[in-house]
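Presented below is the structure to which this report refers.
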Number of protein chains: 2
Amino acid sequence: MNKSTIYWGDVNKYLHDVIANLDCEQIFLLVDENTQRHCLPHLDLREFHVIKIPSGEAHKNIETCQAIWANLLDKKATRKALLINLGGGVIGDMGAFCAASFKRGIYFINIPTTLLAMVDASIGGKTGVDFMNQKNMIGLFVNPIATIIDPIFLQTLPTRHIQSGKAEMLKHGLIYNLQHFQHIQLEGIPDLDQIKESVRIKKYFVEADPFDRNLRQSLNFGHTIGHAIESTALSKDEDLLHGEAVGKGMMVELKLSTLYGGLDKKEADGYIDKLTEFFGETKYSEQDLKEWIEWASNDKKNESNQLSFSLLNQGGKVENNIKLSLKDILQIL
Amino acid sequence: MNKSTIYWGDVNKYLHDVIANLDCEQIFLLVDENTQRHCLPHLDLREFHVIKIPSGEAHKNIETCQAIWANLLDKKATRKALLINLGGGVIGDMGAFCAASFKRGIYFINIPTTLLAMVDASIGGKTGVDFMNQKNMIGLFVNPIATIIDPIFLQTLPTRHIQSGKAEMLKHGLIYNLQHFQHIQLEGIPDLDQIKESVRIKKYFVEADPFDRNLRQSLNFGHTIGHAIESTALSKDEDLLHGEAVGKGMMVELKLSTLYGGLDKKEADGYIDKLTEFFGETKYSEQDLKEWIEWASNDKKNESNQLSFSLLNQGGKVENNIKLSLKDILQIL
């Protein structure tokens, strides 16, 4: 995968520096109605075309890609055009895929504007869109030429979205650095050092395994069930943020970790208690579990009839590729 | 770009060898109605799913990609699935793009079944689909794990498609090896050595410049106008093969070469005479030229208001990046 540079703070300085060193011929800025209103005013840019798409995971699909490509084509974007993705994970993932596949690849820069995108989606080159209600089915591994992380954008981010971002930070703590987990506060915006620690942990796993074949799968903790909860909600038009689904997914997978990962039950309960403060109690019936497993069995992480999990052995230590059948999973009830 | 291996002849031997060395979990075979009928019977494969799409450039689009991805998803293709693209340039370009973007990339093998695909599309990693009547607007640079070229498939190929493939072979001769140009016969199927020589020439340019930034653009000779003729025909539902459009494009660009590339007029007329035998006389009015230039100005090879051409200085020698305005181009009338 191509290399990428992360710049911290002062979005305008770094944006100008990067553009000055690029032989780009036009600049396009991908926004949604939220980032157009709250984030675009922070940017000091001249001569650019705005491409606006509707916000939300429900629009992260091939139809929206076609609208983006059509916009680029209408404005006669050349192979030396630059697309700046200003937004959360949806804008970042979809904008990156559109840029990488337009005329076989134009330049792109990611400016994550949500906590979730800063600590998760913007790192690691996973790009793409949902397809047939399945998360990220169509996409590529490709890095932007630069990622600029400026906490200024968090000031206007709704609390629910701050909490959604904390889900991935809590996960980083659980799989690699328990102190980091313990430091994440229920209230307020995480400070820059905490954000950097999450990015450091994510980068550690990504750089060890860029194409997600073994070690990187540690980052899937909470996500086998989390993605299934999210896909189920998406198919029913329910309003559920990615981090909220992952928070619930982690609670289920902590239970599974006590059965199949060797995690101490009391230790697990402590983590579940903290996650419950953030994401509410997670209840599920046999029917809920069966519905989620049906979704998950078509998730890309599944490689046979069983489901593959990354589960905790203990706080800060994860074991990958634990295969469980539906019957195994139902044991947590 | 990832490396790729070309195997010559004996499709079943090499297909089995490649698959035996791969940890693939399912095999999918992409065909159209023609390759299903004429080419699939040559393959000795067990346990595979057929994905069938309608033949022709008109179906090389995102809608057909969605049908392919839906098929893979329905059959629960994992990240270790293999897609074998059995067909011409449309199947190869589109199948490669679909494989490279499904679950962020599954294995794929190209088995070109047309002369055009053998000597052109199957070499060089350009994949993709048309968008808004523009050729190859959406796509990637990505290579198959293997390309198997077996002339057995040419035996059932219609004459028009053989001639279409010869257009690119003639181009290879004109830009790099005049003897190769002179050896291509109007009648019959080119022999294996001629096919290998065309592949050698194409590989020379591709390996010197994989991402098409300078030297590789030599291969665009005949294609600035050729693609415009093809796009115009596509928008009008006219039946025109790629090589037929390129044959006509070369005739126009040979004229341009005499004005802007320094090609001797008498030498050019000799080449045009030979191309006319293959692709008929190419007549054009001012209106035709204007219509083509309008299409070409949105082609990905254009990087400003002027059009970029690769033109001949002499037989076997090409000069890239010659920028011409509409006014310049109309001088050939």
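Chain labels run A, B, ... following the order of the structure tokens; each chain numbers its residues from 1, and ligands are numbered from 1 in the order shown.
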*What's the 10 Å shell around Gly247 (chain A), counting only C-alpha atoms, without same-chain residues fewer than 5 positions away, as a ChimeraX atom specification?*
/A:163-168,170-171,222-223,225-226,241-242,252-253,272,275-276,278-280,282
*Mind checking DSSP for region 92-130 of chain B and telling me the helix (DSSP H, G or I) residues as a PyMOL selection string?*
chain B and resi 92-101+115-121
*Find the residues near Gly92 (chain B): any atom within 9 Å, counting only C-alpha atoms, skip ones fewer than 5 places away on the same chain, and give them as a list in words.*
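Contacts, in chain order: Leu30, Asn85, Leu86, Gly87, Phe97, Ile109, Asn110, Ile111, Pro112, Ala117, Ala121, Ser122, Thr127 and Gly128 of chain B.
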*Test item: residues at most 6 Å from Asp150 (chain B), only C-alpha atoms, excluding those fewer than 2 positions along its chain, as a PyMOL selection string*: chain B and resi 8-9+11+152
Residues of the last selection are to be written out with N, CA and C atoms, as a PDB file, in the first residue's frame.
ATOM      1  N   TRP B   8       1.816 -18.861 -21.769  1.00  0.00           N
ATOM      2  CA  TRP B   8       1.489 -19.002 -23.195  1.00  0.00           C
ATOM      3  C   TRP B   8       1.011 -20.417 -23.504  1.00  0.00           C
ATOM      4  N   GLY B   9      -0.204 -20.524 -24.074  1.00  0.00           N
ATOM      5  CA  GLY B   9      -0.720 -21.813 -24.537  1.00  0.00           C
ATOM      6  C   GLY B   9      -1.222 -22.696 -23.408  1.00  0.00           C
ATOM      7  N   VAL B  11      -4.096 -23.721 -21.848  1.00  0.00           N
ATOM      8  CA  VAL B  11      -4.832 -23.017 -20.794  1.00  0.00           C
ATOM      9  C   VAL B  11      -5.125 -23.905 -19.584  1.00  0.00           C
ATOM     10  N   ILE B 152      -5.946 -21.028 -28.852  1.00  0.00           N
ATOM     11  CA  ILE B 152      -7.062 -21.922 -29.185  1.00  0.00           C
ATOM     12  C   ILE B 152      -8.374 -21.148 -29.270  1.00  0.00           C
TER      13      ILE B 152
END
_Nearest to Met251 (chain B) by atom-to-atom distance, counting only C-alpha atoms, from B:Ile138, B:Leu312, B:Ala81, B:Met1_ = B:Leu312
*Pull out every residue of chain B that has at least one atom within 10 Å of chain A, counting only C-alpha atoms, and report them as an MDAnalysis selection string.*
chainID B and resid 1 25 62:63 66 69:70 73:81 97:105 126:129 131:132 134:142 211 213 297:305
_Non-local contacts of Gln331 (chain B) (10 Å; only C-alpha atoms; under 6 positions in same chain excluded) as a PyMOL selection string_ = chain B and resi 255-256+259+286
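Across B:Tyr7, B:Phe205, B:Trp292, B:Phe153, the tightest approach to Ile229 (chain B) is made by B:Trp292 when counting only C-alpha atoms.
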*Find the residues around Ser198 (chain A) up to 9 Å (only C-alpha atoms counted), leave out those fewer than 4 positions away in its own chain, and share them as JSON, numbers by chain.*
{"A": [119, 120, 168, 169, 170, 172, 173, 180, 193, 194, 202, 203]}
